[in-house]
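*Asks:* One structure follows; several queries about it will come next.
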Amino acid sequence: MEIALIGNPNTGKTSLFNNLTGSYEYVGNWSGVTVEKKVGVFKNNIGRLIDLPGVYTLNPLSKDEGVVTSFFLNENVDRLLNILDASQLERNLHLTLQLLEYEKPALIGLNMIDVARNRGIQIDVHKLSEILGVPVVPVVARTGKGCDRLIEEIGTEAFQSKQKNLVFYGDVIEKAIHELTAEITGKTEHSPRWLALQWLEGNEYVKAYLSQLVSTERLQEILTNVESQLLKDHDVKSLPNYIYIKRKEVIDKIILTSVNKNEAHVPLSEKIDLIVTNRFFGMPIFLLLMYCMFMLTFDWLGTPLSDGLDALITGPVTVGIEKVLNLIQASTFIQDLILQGLVAGVGGVLVFVPQIFILFFFISLLEDSGYMARVALVMDRIMESVGLNGKAFIPMMIGFGCNVPGIMAARTIETPRERLLTILLTPLMSCSARLPVYALFVGGFFVGNKALIVLSLYVLGIVVALILAKLFSTTILKSETSLFVIELPPYRLPQFQSLWRSTWDKGKGFVRKAGTFIFGGSVFIWLLSYAGPSGLKVDMDHSFLAAIGNVIAPILHPIGFGTWQAAASLITGFLAKEAIISTMNIIYFVPENATLQGLLANYFTPLSAYSFMVFILLYIPCLATVATIFKETGSKKWTVFSMVYALTIAYVLALIVYQGGKLIGLG
């Protein structure tokens with residue numbers, strides 16, 4: 001049995017999906033978390049649950065919403081599970097009425113009952129179920145309350161809607177529905193009424209589907225007749241607007257009958273929003289929270305943990321591996337490969353795992369609390385001035401974790417121009433893979449100002465993205481800015497289990513990459529440093545790796561790090577930004593009683609170190625990000641452009657930082 005889970009954005013679909021299937025998908029207390037369908041199996045094995053992207057209507061505006069309409073037209077589904085936000089019932093019911101018109105057995109999960117109660121909203125569940133003609137089950141998806149009953153209802157009830165045609169659209173539209181039904185009866189398995197209404201609303205996906213069943217001339221004839229008659233008899237702006245009004249009339253009656261609201265009650269969320277979304281206080285509050293997050297990551301908590309893990313890896317772990325290798329009488333080549341290649345390369349990346357997880361924990365905390373949606377609202381005024389809107393900042397914020405899902409999240413943006421612009425700019429956001437590089441350099445050169453230096457890099461990425469957005473939107477990607485509408489979810493106290501799952505989901509990719517990609521890359525880099533034109537076990541300055549680095553090094557000299565070692569590290573950084581650290585650990589193989597940070601002082605100054613971090617922040621996106629850009633744009637031209645412009649901007653800004661710093665005496 002195939003059951004589709006569908007609802008408005010940010011109604012708790014993914015939380016419900018996790019509870020019903022026992023799996024874990026990323027949950028965020030903001031809209032746009034699900035951008036493609038996910039499939040899981042119910043805990044009691046009654047069938048498969050398909051989590052579809054959140055939509056307000058079945059008439060798609062953005063790329064991710066198109067996934068839903070395509071699913072309904074082209075996939076088999078036995079039942080519908082519609083999740084509603086009890087605190088926003090009026091808006092949610094617009095989608096519900098469209099789903100009931102689809103004429104598949106349906107069940108409603110009435111989520112966020114607790115939030116509605118806190119807002120002074122009381123819902124008569126039995127009356128709502130009676131009016132809609134389908135079972136309604138109250139749930140709290142975050143805690144799992146009511147989910148067992150929901151599974152029971154899905155598995156045992158053959159819940160076909162008892163109410164047929166809840167909305168009467170007036171004689172003109174009902175006649176058009178009847179005419180189209182006569183044309184397609186027997187030609188499709190879908191509800192003719194649903195197809196007719198979606199087509200009349202202007203659904204391009206349904207229009208393309210119907211054009212295969214009915215001649216374009218006949219479709220145009222029906223549409224022209226209904227529009228001319230409707231505009232003649234009624235004072236409406238358009239046909240879709242009239243359909244919306246008719247649904248709204250029915251929804252108003254449903255709300256009046258089944259919902260009781262205490263208008264005098266002011267929710268706590270609204271009181272907090274007066275401060276955190278204030279036009280003057282909003283941005284300073286955001287920057288202060290970011291600063292505290294970086295202090296915890298790089299100073300108060302993260303550094304002691306990373307230092308402890310570093311001591312463990314370079315001490316007992318390395319000594320233990322060395323003893324085992326001596327015991328089995330491994331050759332010198334194997335010993336060097338494992339100790340100088342794998343342990344130095346992979347171990348050098350793993351020491352930053354505590355800082356990565358601490359950062360992700362606090363990002364998850366801000367997401368689950370509902371604060372991130374407020375950041376998008378705060379940024380909207382700035383984003384609008386550069387040719388985007390606040391919605392584009394959401395993929396960018398996701399990019400702080402990893403640029404790949406950030407780019408994919410751009411599917412939620414309605415206009416193709418703004419979607420492309422967001423895809424091109426998201427790689428400028430400082431992802432977690434760059435974090436080990438920052439941690440290494442701020443620990444070695446900026447001990448007293450670690451958080452401030454890292455914060456400056458994150459802010460620099462945002463500022464550069466905004467400047468380029470203005471430049472691109474007025475030159476190569478000209479178009480009008482779309483309106484920004486975002487739902488502000490209620491503030492919630494995050495649950496520890498949810499926080500841990502979210503943190504692990506974000507951080508496990510870093511650990512997995514260290515055990516696979518960095519592992520293989522470390523072997524390859526070490527072999528290049530071990531071999532040279534004159535043979536094996538050569539001096540590293542005469543290795544193949546040095547030869548490759550020396551080709552690029554002169555270009556990097558004006559920006560402060562014109563050594564073959566830095567050049568070689570940057571090359572591997574294209575494959576994965578973490579590989580920069582593993583490469584450095586192999587190149588600057590650390591002798592006993594020394595640290596990599598200490599050795600770097602022989603090759604970098606604080607100014608050139610900051611220039612290096614600026615370059616790492618902005619230069620070519622990693623291979624996975626480039627592949628995702630190509631997948632999402634479908635264009636080689638824009639993919640190459642994203643690499644070239646990023647490299648150019650990185651070089652120019654690093655040049656300004658280094659040469660400008662020298663001019664004012666910082667060199």
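Naming scheme: A, B, ... for chains in displayed order of the structure tokens; residues 1 onward per chain; ligands 1 onward as shown.
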With only C-alpha atoms as the counted atoms, please give the residues lying no more than 8 Å from region 617-623 of chain A, apart from itself and same-chain residues fewer than 4 positions off, as a list of chain:residue names.

*Replies:* A:Pro427, A:Leu428, A:Met429, A:Ser430, A:Arg434, A:Leu457, A:Gly461, A:Gly573, A:Phe574, A:Leu575, A:Ala576, A:Lys577, A:Met613, A:Ala627, A:Ser642, A:Met643, A:Val644, A:Ala646, A:Leu647, A:Thr648, A:Ile649, A:Ala650, A:Tyr651

*Asks:* May I have the residues from that selection written out with C-alpha atoms, as a JSON list (two decimals), in the first residue's frame?

*Replies:*
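And here is the file that came out, part_26.json:
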[["chain", "number", "residue", "atom", "x", "y", "z"],
["A", 427, "PRO", "CA", 28.88, 28.15, -2.43],
["A", 428, "LEU", "CA", 30.23, 31.43, -1.01],
["A", 429, "MET", "CA", 28.74, 30.47, 2.36],
["A", 430, "SER", "CA", 31.36, 28.98, 4.68],
["A", 434, "ARG", "CA", 36.26, 24.78, 5.69],
["A", 457, "LEU", "CA", 34.99, 35.06, 7.52],
["A", 461, "GLY", "CA", 31.05, 35.31, 2.68],
["A", 573, "GLY", "CA", 40.91, 21.27, -1.67],
["A", 574, "PHE", "CA", 38.96, 21.21, -4.94],
["A", 575, "LEU", "CA", 38.18, 17.53, -4.28],
["A", 576, "ALA", "CA", 37.11, 18.24, -0.68],
["A", 577, "LYS", "CA", 37.95, 21.20, 1.53],
["A", 613, "MET", "CA", 41.56, 31.63, 4.94],
["A", 627, "ALA", "CA", 28.34, 18.38, -9.52],
["A", 642, "SER", "CA", 30.38, 29.35, -10.87],
["A", 643, "MET", "CA", 33.94, 28.00, -10.69],
["A", 644, "VAL", "CA", 35.62, 30.81, -12.63],
["A", 646, "ALA", "CA", 34.56, 32.22, -7.40],
["A", 647, "LEU", "CA", 38.26, 31.71, -8.15],
["A", 648, "THR", "CA", 38.56, 35.26, -9.49],
["A", 649, "ILE", "CA", 36.81, 36.83, -6.49],
["A", 650, "ALA", "CA", 38.90, 34.75, -4.08],
["A", 651, "TYR", "CA", 42.15, 35.88, -5.68]]

*Asks:* Write out as a ChimeraX atom specification each polymer residue whose atoms come within 12 Å of region 527-541 of chain A, counting only C-alpha atoms; drop sequence neighbours fewer than 4 positions from it.

*Replies:* /A:332-334,336-338,340-342,520-523,545-550,563-565,568-569,583-589

*Asks:* Considering only strand (DSSP E or B) as DSSP defines it on the backbone, what residues of region 56-141 of chain A qualify? List them as a list in words.

*Replies:*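 Result set for region 56-141 of chain A (strand (DSSP E or B)): Arg79, Leu80, Leu81, Asn82, Ile83, Leu84, Asp85, Ala106, Leu107, Ile108, Gly109, Leu110, Asn111, Ile121, Gln122, Ile123, Val136, Val137, Pro138 and Val140 of chain A.
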
*Asks:* Between A:Ile131, A:Ala624, A:Leu655, A:Phe641, which one has atoms that come closest to Gly560 (chain A), using only C-alpha atoms?

*Replies:*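 With only C-alpha atoms as the atom set, the closest residue is A:Leu655.
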
*Asks:* I need the residues of region 395-574 of chain A that end up classed as alpha helix (DSSP H) by DSSP on the backbone, written out as a PyMOL selection string.

*Replies:* chain A and resi 395-398+403-408+416-425+435-445+450-473+496-515+517-530+544-556+564-574

*Asks:* Which one of A:Phe362, A:Phe281, A:Tyr438, A:Trp300 sits closest to Ser611 (chain A) if you count only C-alpha atoms?

*Replies:*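 So, comparing all the options, the nearest one is A:Tyr438.
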
*Asks:* If we count only C-alpha atoms and set the cut-off at 12 Å, which residues sit around Asn225 (chain A), ignoring sequence neighbours fewer than 5 positions away in its own chain? Please answer as a VMD selection string.

*Replies:* chain A and resid 172 to 173 175 to 176 179 200 218 to 220 230 to 232 239

*Asks:* How would the residues just chosen look if you wrote them out with C-alpha atoms as an mmCIF file, in the first residue's frame?

*Replies:*
data_model
loop_
_atom_site.group_PDB
_atom_site.id
_atom_site.type_symbol
_atom_site.label_atom_id
_atom_site.label_comp_id
_atom_site.auth_asym_id
_atom_site.auth_seq_id
_atom_site.Cartn_x
_atom_site.Cartn_y
_atom_site.Cartn_z
ATOM 1 C CA VAL A 172 -20.584 28.359 -14.867
ATOM 2 C CA ILE A 173 -17.629 26.375 -13.513
ATOM 3 C CA LYS A 175 -20.880 23.278 -16.325
ATOM 4 C CA ALA A 176 -17.243 23.482 -17.537
ATOM 5 C CA GLU A 179 -18.094 19.303 -20.227
ATOM 6 C CA LEU A 200 -9.090 25.792 -14.688
ATOM 7 C CA ARG A 218 -11.473 21.816 -27.435
ATOM 8 C CA LEU A 219 -9.684 22.705 -24.188
ATOM 9 C CA GLN A 220 -9.267 26.302 -25.313
ATOM 10 C CA LEU A 230 -17.557 34.314 -15.444
ATOM 11 C CA LEU A 231 -16.161 37.793 -16.022
ATOM 12 C CA LYS A 232 -19.516 38.849 -17.410
ATOM 13 C CA LEU A 239 -10.761 32.402 -13.023
#

*Asks:* Fewer than 4 positions away in the same chain doesn't count, so skip those; otherwise give me all residues within 12 Å of Glu153 (chain A), counting only C-alpha atoms, as JSON, numbers by chain.

*Replies:* {"A": [46, 79, 81, 105, 106, 107, 108, 109, 134, 135, 136, 137, 138, 146, 147, 148, 149, 157, 158, 159]}

*Asks:* Filtering to N, CA and C atoms, could you give me those residues as a PDB file, in the first residue's frame?

*Replies:*
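Ended up saving to again.pdb:
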ATOM      1  N   ILE A  46       2.560  -1.875   7.219  1.00  0.00           N
ATOM      2  CA  ILE A  46       1.296  -1.869   6.472  1.00  0.00           C
ATOM      3  C   ILE A  46       1.470  -1.303   5.071  1.00  0.00           C
ATOM      4  N   ARG A  79      -3.626   5.873  -0.679  1.00  0.00           N
ATOM      5  CA  ARG A  79      -4.281   6.704   0.328  1.00  0.00           C
ATOM      6  C   ARG A  79      -3.484   7.994   0.548  1.00  0.00           C
ATOM      7  N   LEU A  81      -2.414  10.920   3.400  1.00  0.00           N
ATOM      8  CA  LEU A  81      -2.325  11.354   4.792  1.00  0.00           C
ATOM      9  C   LEU A  81      -2.000  12.845   4.771  1.00  0.00           C
ATOM     10  N   PRO A 105      -8.956   7.719  -0.872  1.00  0.00           N
ATOM     11  CA  PRO A 105      -9.182   7.624   0.576  1.00  0.00           C
ATOM     12  C   PRO A 105      -8.195   8.508   1.328  1.00  0.00           C
ATOM     13  N   ALA A 106      -8.703   9.335   2.234  1.00  0.00           N
ATOM     14  CA  ALA A 106      -7.855  10.318   2.912  1.00  0.00           C
ATOM     15  C   ALA A 106      -8.032  10.260   4.422  1.00  0.00           C
ATOM     16  N   LEU A 107      -6.980  10.646   5.119  1.00  0.00           N
ATOM     17  CA  LEU A 107      -6.974  10.743   6.571  1.00  0.00           C
ATOM     18  C   LEU A 107      -6.237  12.021   6.944  1.00  0.00           C
ATOM     19  N   ILE A 108      -6.720  12.712   7.975  1.00  0.00           N
ATOM     20  CA  ILE A 108      -6.089  13.966   8.385  1.00  0.00           C
ATOM     21  C   ILE A 108      -5.406  13.790   9.734  1.00  0.00           C
ATOM     22  N   GLY A 109      -4.127  14.173   9.789  1.00  0.00           N
ATOM     23  CA  GLY A 109      -3.396  14.239  11.049  1.00  0.00           C
ATOM     24  C   GLY A 109      -3.369  15.691  11.490  1.00  0.00           C
ATOM     25  N   VAL A 134     -13.912  12.789   6.551  1.00  0.00           N
ATOM     26  CA  VAL A 134     -12.756  11.890   6.678  1.00  0.00           C
ATOM     27  C   VAL A 134     -12.312  11.858   8.142  1.00  0.00           C
ATOM     28  N   PRO A 135     -11.640  10.771   8.582  1.00  0.00           N
ATOM     29  CA  PRO A 135     -11.153  10.718   9.964  1.00  0.00           C
ATOM     30  C   PRO A 135     -10.134  11.822  10.237  1.00  0.00           C
ATOM     31  N   VAL A 136     -10.202  12.431  11.414  1.00  0.00           N
ATOM     32  CA  VAL A 136      -9.244  13.444  11.855  1.00  0.00           C
ATOM     33  C   VAL A 136      -8.636  12.985  13.175  1.00  0.00           C
ATOM     34  N   VAL A 137      -7.311  12.830  13.202  1.00  0.00           N
ATOM     35  CA  VAL A 137      -6.615  12.329  14.395  1.00  0.00           C
ATOM     36  C   VAL A 137      -5.679  13.410  14.930  1.00  0.00           C
ATOM     37  N   PRO A 138      -5.892  13.896  16.164  1.00  0.00           N
ATOM     38  CA  PRO A 138      -4.974  14.890  16.743  1.00  0.00           C
ATOM     39  C   PRO A 138      -3.618  14.244  17.054  1.00  0.00           C
ATOM     40  N   GLY A 146      -0.081  10.548  19.770  1.00  0.00           N
ATOM     41  CA  GLY A 146      -1.164  10.333  18.812  1.00  0.00           C
ATOM     42  C   GLY A 146      -0.755   9.578  17.560  1.00  0.00           C
ATOM     43  N   CYS A 147       0.547   9.325  17.390  1.00  0.00           N
ATOM     44  CA  CYS A 147       1.019   8.671  16.155  1.00  0.00           C
ATOM     45  C   CYS A 147       0.589   7.204  16.080  1.00  0.00           C
ATOM     46  N   ASP A 148       0.525   6.533  17.234  1.00  0.00           N
ATOM     47  CA  ASP A 148       0.092   5.123  17.237  1.00  0.00           C
ATOM     48  C   ASP A 148      -1.349   5.004  16.754  1.00  0.00           C
ATOM     49  N   ARG A 149      -2.191   5.928  17.208  1.00  0.00           N
ATOM     50  CA  ARG A 149      -3.590   5.904  16.763  1.00  0.00           C
ATOM     51  C   ARG A 149      -3.684   6.215  15.274  1.00  0.00           C
ATOM     52  N   GLU A 157      -8.845   1.481   8.597  1.00  0.00           N
ATOM     53  CA  GLU A 157     -10.004   2.192   8.052  1.00  0.00           C
ATOM     54  C   GLU A 157      -9.929   2.302   6.523  1.00  0.00           C
ATOM     55  N   ALA A 158     -11.033   1.953   5.870  1.00  0.00           N
ATOM     56  CA  ALA A 158     -11.134   2.226   4.430  1.00  0.00           C
ATOM     57  C   ALA A 158     -11.817   3.584   4.307  1.00  0.00           C
ATOM     58  N   PHE A 159     -11.027   4.633   4.537  1.00  0.00           N
ATOM     59  CA  PHE A 159     -11.611   5.951   4.777  1.00  0.00           C
ATOM     60  C   PHE A 159     -11.843   6.751   3.501  1.00  0.00           C
TER      61      PHE A 159
END

*Asks:* Hey, can you check how far CA of Phe612 (chain A) sits from CA of Phe561 (chain A)?

*Replies:*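 Separation between CA of Phe612 (chain A) and CA of Phe561 (chain A): 7.1 Å.
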
*Asks:* Could you pull the residues within 9 Å of Tyr56 (chain A), counting only C-alpha atoms, minus those fewer than 5 positions along the same chain, as number ranges by chain?

*Replies:* A: 7-9, 65, 91-92, 94-95

*Asks:* Go ahead and dump the residues you just picked, C-alpha atoms, as a short mmCIF file (atom, residue, chain, number, x, y, z; two decimals), in the first residue's frame.

*Replies:*
data_model
loop_
_atom_site.label_atom_id
_atom_site.label_comp_id
_atom_site.auth_asym_id
_atom_site.auth_seq_id
_atom_site.Cartn_x
_atom_site.Cartn_y
_atom_site.Cartn_z
CA GLY A 7 0.74 19.19 3.85
CA ASN A 8 1.76 22.84 3.93
CA PRO A 9 5.41 23.74 4.56
CA GLU A 65 6.15 22.07 -5.62
CA ARG A 91 -4.73 28.42 5.53
CA ASN A 92 -4.07 24.67 5.63
CA HIS A 94 -7.11 25.22 1.05
CA LEU A 95 -4.82 22.28 0.26
#

*Asks:* In Å, with one decimal, what is the gap from CA of Leu305 (chain A) to CA of Ile358 (chain A)?

*Replies:*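 The value is 10.1 Å.
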